[in-house]
Amino acid sequence: MRKPIIIGNWKLNKTIAEAVSFITAIEPLVHNKADFGVAAPYLALEKSVKAAKHLIIASENVAFAESGAYTGEVSVAMLQEIGVKWTLIGHSERRQYFGESDETVNKKVLLSVKNGLTPIVCVGETLAQFEAGDTEKIVRTQTAAALNGLSGEDVAKLVVAYEPVWAIGTGKNATKEIAQSTCAIIRHEVEIHFGKATAEALRIQYGGSVKPENIKEYLSEKDIDGALIGGASLKVDSFTAIIDALKA
Ligand code: PGA
């Protein structure tokens with residue numbers, strides 16, 4: 001049985017003080033029916049790690065190189081020094097606004113895994129690609145490219161998040177049928193490259209307008225093992241409602 005994993009993605013939100021106060025409020029509410037956590041802005045990570053006991057604290061990005069002339073970047077070692085153990089990689093906003101490519105995503109994944117930082121690798125098609133019927137092709141390509149060069153053992157430990165770009169921050173969440181069928185395609189792609197046992201162990205999240213009202217629907221689907229949640233992770237009330245929805 002794969003344990004569900006629910007991660008809030010704060011994006012460009014929350015000062016250090018706001019992050020700590022959120023984590024302090026949420027920490028006593030988490031339970032062991034799922035793994036819960038947040039991806040926080042770089043500056044808030046160190047204090048977030050200190051404030052968290054059970055919550056996973058992830059960075060939202062990481063550099064593709066170990067060190068060197070890459071102004072403005074933050075390396076795996078820098079994150080690990082402050083106790084960060086997880087990172088998002090390849091979020092569609094990184095791909096859309098910051099030139100993230102399948103190649104840089106792969107470099108980041110390899111570097112993270114090699115050094116023991118667990119990636120949550122994001123894949124997903126744009127609206128134009130969805131409308132053109134290219135979803136399967138896109139997620140297969142992005143998944144295979146991101147994981148290229150890893151062992152099956154490594155892949156089994158990480159998380160893939162399927163996030164259709166058209167569902168992110170739009171309120172237009174994918175139906176549970178669409179989310180399930182694309183997550184099954186991702187699992188199949190992993191099976192092709194790494195075998196059935198790895199594919200069965202891998203946790204795959206759905207992301208895109210997940211809220212307290214629809215989280216259970218997604219998690220009832222066979223290939224959906226959690227959620228990556230933007231908007232609904234920003235307020236203590238709605239994140240609490242998500243945590244509570246998974247109690248039963
Ligand atoms: P959303 O964002 O829940 O606000 O749609 C999801 C994400 O970008 O991870």
# chains A, B, ... in the order shown; residues from 1 in each chain; ligands from 1

$ residues_around --residues "range 142-146 of chain A" --least-positions-apart "2" --cutoff "9 Å" --atoms "only C-alpha atoms" --output "PyMOL selection string"
chain A and resi 90+102-110+121-124+137-140+148-149+160+186+189-190+193

$ select_by_dssp --residues "range 2-248 of chain A" --states "strand (DSSP E)" --output "ChimeraX atom specification"
/A:5-9,35-40,56-59,86-89,118-123,159-162,203-207,226-229

$ residues_near_ligand --ligand "ligand 1" --cutoff "10 Å" --atoms "only C-alpha atoms and all ligand atoms" --output "number ranges by chain"
A: 7-11, 39, 60, 88, 91-93, 122, 161-173, 206-211, 227-234

$ residues_around --residues "range 154-159 of chain A" --least-positions-apart "5" --cutoff "7 Å" --atoms "only C-alpha atoms" --output "ChimeraX atom specification"
/A:118-121,198,201-204

$ atom_distance --atom1 "CA of Gln205 in chain A" --atom2 "CA of Ile5 in chain A"
7.4 Å

$ atom_distance --atom1 "CA of Ile56 in chain A" --atom2 "CA of Lys216 in chain A"
20.6 Å

$ closest_residue --among "A:Glu100, A:Asp244, A:Glu46, A:Glu221" --to "Ile16 in chain A" --atoms "only C-alpha atoms"
A:Glu46

$ select_by_dssp --residues "range 2-218 of chain A" --states "alpha helix (DSSP H)" --output "PyMOL selection string"
chain A and resi 16-26+42-51+76-81+92-97+102-114+127-131+135-147+152-157+176-194+196-201+215-218

$ closest_residue --among "A:Tyr218, A:Trp86, A:Tyr97, A:Phe36" --to "Lys3 in chain A" --atoms "only C-alpha atoms"
A:Phe36

$ atom_distance --atom1 "CA of Leu55 in chain A" --atom2 "CA of Gly37 in chain A"
4.6 Å

$ closest_residue --among "A:Gln80, A:Ser48, A:Thr135, A:Thr182" --to "Ala19 in chain A" --atoms "only C-alpha atoms"
A:Ser48

$ decode --residues "range 52-81 of chain A" --atoms "N, CA, C and O atoms" --output "JSON list (two decimals), in the first residue's frame"
[["chain", "number", "residue", "atom", "x", "y", "z"],
["A", 52, "ALA", "N", 9.02, 22.41, 12.27],
["A", 52, "ALA", "CA", 8.28, 21.19, 11.89],
["A", 52, "ALA", "C", 8.77, 19.98, 12.69],
["A", 52, "ALA", "O", 9.96, 19.82, 12.92],
["A", 53, "LYS", "N", 7.80, 19.15, 13.08],
["A", 53, "LYS", "CA", 8.18, 17.88, 13.72],
["A", 53, "LYS", "C", 7.81, 16.73, 12.79],
["A", 53, "LYS", "O", 8.60, 15.83, 12.55],
["A", 54, "HIS", "N", 6.58, 16.75, 12.30],
["A", 54, "HIS", "CA", 6.12, 15.67, 11.42],
["A", 54, "HIS", "C", 6.02, 16.13, 9.97],
["A", 54, "HIS", "O", 6.07, 15.32, 9.06],
["A", 55, "LEU", "N", 5.79, 17.41, 9.78],
["A", 55, "LEU", "CA", 5.60, 17.91, 8.41],
["A", 55, "LEU", "C", 6.89, 17.79, 7.60],
["A", 55, "LEU", "O", 7.99, 18.06, 8.11],
["A", 56, "ILE", "N", 6.73, 17.41, 6.34],
["A", 56, "ILE", "CA", 7.85, 17.45, 5.40],
["A", 56, "ILE", "C", 8.04, 18.91, 4.99],
["A", 56, "ILE", "O", 7.07, 19.60, 4.67],
["A", 57, "ILE", "N", 9.29, 19.37, 5.00],
["A", 57, "ILE", "CA", 9.56, 20.72, 4.50],
["A", 57, "ILE", "C", 10.40, 20.57, 3.23],
["A", 57, "ILE", "O", 11.51, 20.02, 3.27],
["A", 58, "ALA", "N", 9.86, 21.05, 2.12],
["A", 58, "ALA", "CA", 10.54, 20.94, 0.83],
["A", 58, "ALA", "C", 10.89, 22.31, 0.31],
["A", 58, "ALA", "O", 10.20, 23.30, 0.60],
["A", 59, "SER", "N", 11.97, 22.38, -0.49],
["A", 59, "SER", "CA", 12.21, 23.62, -1.22],
["A", 59, "SER", "C", 11.37, 23.57, -2.50],
["A", 59, "SER", "O", 10.87, 22.50, -2.88],
["A", 60, "GLU", "N", 11.22, 24.71, -3.15],
["A", 60, "GLU", "CA", 10.39, 24.76, -4.35],
["A", 60, "GLU", "C", 11.20, 24.56, -5.62],
["A", 60, "GLU", "O", 10.66, 24.44, -6.72],
["A", 61, "ASN", "N", 12.53, 24.52, -5.43],
["A", 61, "ASN", "CA", 13.44, 24.43, -6.57],
["A", 61, "ASN", "C", 14.82, 24.14, -6.02],
["A", 61, "ASN", "O", 15.05, 24.22, -4.81],
["A", 62, "VAL", "N", 15.75, 23.81, -6.89],
["A", 62, "VAL", "CA", 17.15, 23.61, -6.50],
["A", 62, "VAL", "C", 18.00, 23.84, -7.75],
["A", 62, "VAL", "O", 17.50, 23.70, -8.88],
["A", 63, "ALA", "N", 19.26, 24.20, -7.55],
["A", 63, "ALA", "CA", 20.14, 24.45, -8.71],
["A", 63, "ALA", "C", 20.48, 23.15, -9.44],
["A", 63, "ALA", "O", 20.50, 22.08, -8.84],
["A", 64, "PHE", "N", 20.78, 23.27, -10.74],
["A", 64, "PHE", "CA", 21.14, 22.07, -11.51],
["A", 64, "PHE", "C", 22.62, 21.74, -11.42],
["A", 64, "PHE", "O", 23.08, 20.72, -11.92],
["A", 65, "ALA", "N", 23.39, 22.63, -10.78],
["A", 65, "ALA", "CA", 24.83, 22.37, -10.61],
["A", 65, "ALA", "C", 25.16, 22.32, -9.12],
["A", 65, "ALA", "O", 24.44, 22.89, -8.30],
["A", 66, "GLU", "N", 26.25, 21.65, -8.80],
["A", 66, "GLU", "CA", 26.63, 21.54, -7.39],
["A", 66, "GLU", "C", 27.15, 22.86, -6.84],
["A", 66, "GLU", "O", 26.93, 23.19, -5.68],
["A", 67, "SER", "N", 27.87, 23.60, -7.70],
["A", 67, "SER", "CA", 28.40, 24.91, -7.30],
["A", 67, "SER", "C", 28.86, 25.60, -8.58],
["A", 67, "SER", "O", 28.81, 25.00, -9.66],
["A", 68, "GLY", "N", 29.31, 26.84, -8.46],
["A", 68, "GLY", "CA", 29.87, 27.51, -9.63],
["A", 68, "GLY", "C", 29.23, 28.84, -9.91],
["A", 68, "GLY", "O", 28.56, 29.43, -9.05],
["A", 69, "ALA", "N", 29.43, 29.33, -11.13],
["A", 69, "ALA", "CA", 29.01, 30.68, -11.50],
["A", 69, "ALA", "C", 27.55, 30.66, -11.96],
["A", 69, "ALA", "O", 27.25, 30.73, -13.15],
["A", 70, "TYR", "N", 26.63, 30.54, -11.01],
["A", 70, "TYR", "CA", 25.20, 30.51, -11.30],
["A", 70, "TYR", "C", 24.49, 31.48, -10.35],
["A", 70, "TYR", "O", 23.88, 31.06, -9.35],
["A", 71, "THR", "N", 24.61, 32.75, -10.65],
["A", 71, "THR", "CA", 24.11, 33.80, -9.77],
["A", 71, "THR", "C", 22.64, 33.59, -9.41],
["A", 71, "THR", "O", 21.81, 33.37, -10.29],
["A", 72, "GLY", "N", 22.37, 33.65, -8.14],
["A", 72, "GLY", "CA", 20.98, 33.57, -7.68],
["A", 72, "GLY", "C", 20.49, 32.16, -7.38],
["A", 72, "GLY", "O", 19.34, 32.00, -6.96],
["A", 73, "GLU", "N", 21.33, 31.17, -7.58],
["A", 73, "GLU", "CA", 20.88, 29.80, -7.38],
["A", 73, "GLU", "C", 21.18, 29.28, -5.97],
["A", 73, "GLU", "O", 22.01, 29.82, -5.26],
["A", 74, "VAL", "N", 20.50, 28.22, -5.59],
["A", 74, "VAL", "CA", 20.68, 27.59, -4.28],
["A", 74, "VAL", "C", 20.94, 26.10, -4.51],
["A", 74, "VAL", "O", 20.16, 25.44, -5.21],
["A", 75, "SER", "N", 22.04, 25.60, -3.94],
["A", 75, "SER", "CA", 22.46, 24.23, -4.26],
["A", 75, "SER", "C", 21.88, 23.19, -3.31],
["A", 75, "SER", "O", 21.38, 23.51, -2.23],
["A", 76, "VAL", "N", 22.01, 21.94, -3.72],
["A", 76, "VAL", "CA", 21.58, 20.81, -2.89],
["A", 76, "VAL", "C", 22.28, 20.89, -1.52],
["A", 76, "VAL", "O", 21.64, 20.76, -0.47],
["A", 77, "ALA", "N", 23.60, 21.13, -1.54],
["A", 77, "ALA", "CA", 24.35, 21.16, -0.27],
["A", 77, "ALA", "C", 23.87, 22.28, 0.64],
["A", 77, "ALA", "O", 23.79, 22.10, 1.87],
["A", 78, "MET", "N", 23.53, 23.42, 0.06],
["A", 78, "MET", "CA", 23.04, 24.55, 0.88],
["A", 78, "MET", "C", 21.71, 24.19, 1.54],
["A", 78, "MET", "O", 21.46, 24.52, 2.70],
["A", 79, "LEU", "N", 20.87, 23.49, 0.79],
["A", 79, "LEU", "CA", 19.57, 23.09, 1.35],
["A", 79, "LEU", "C", 19.78, 22.05, 2.45],
["A", 79, "LEU", "O", 19.15, 22.10, 3.51],
["A", 80, "GLN", "N", 20.68, 21.13, 2.19],
["A", 80, "GLN", "CA", 20.90, 20.07, 3.18],
["A", 80, "GLN", "C", 21.52, 20.60, 4.46],
["A", 80, "GLN", "O", 21.24, 20.11, 5.54],
["A", 81, "GLU", "N", 22.33, 21.63, 4.32],
["A", 81, "GLU", "CA", 22.95, 22.21, 5.51],
["A", 81, "GLU", "C", 21.92, 22.73, 6.51],
["A", 81, "GLU", "O", 22.13, 22.72, 7.71]]
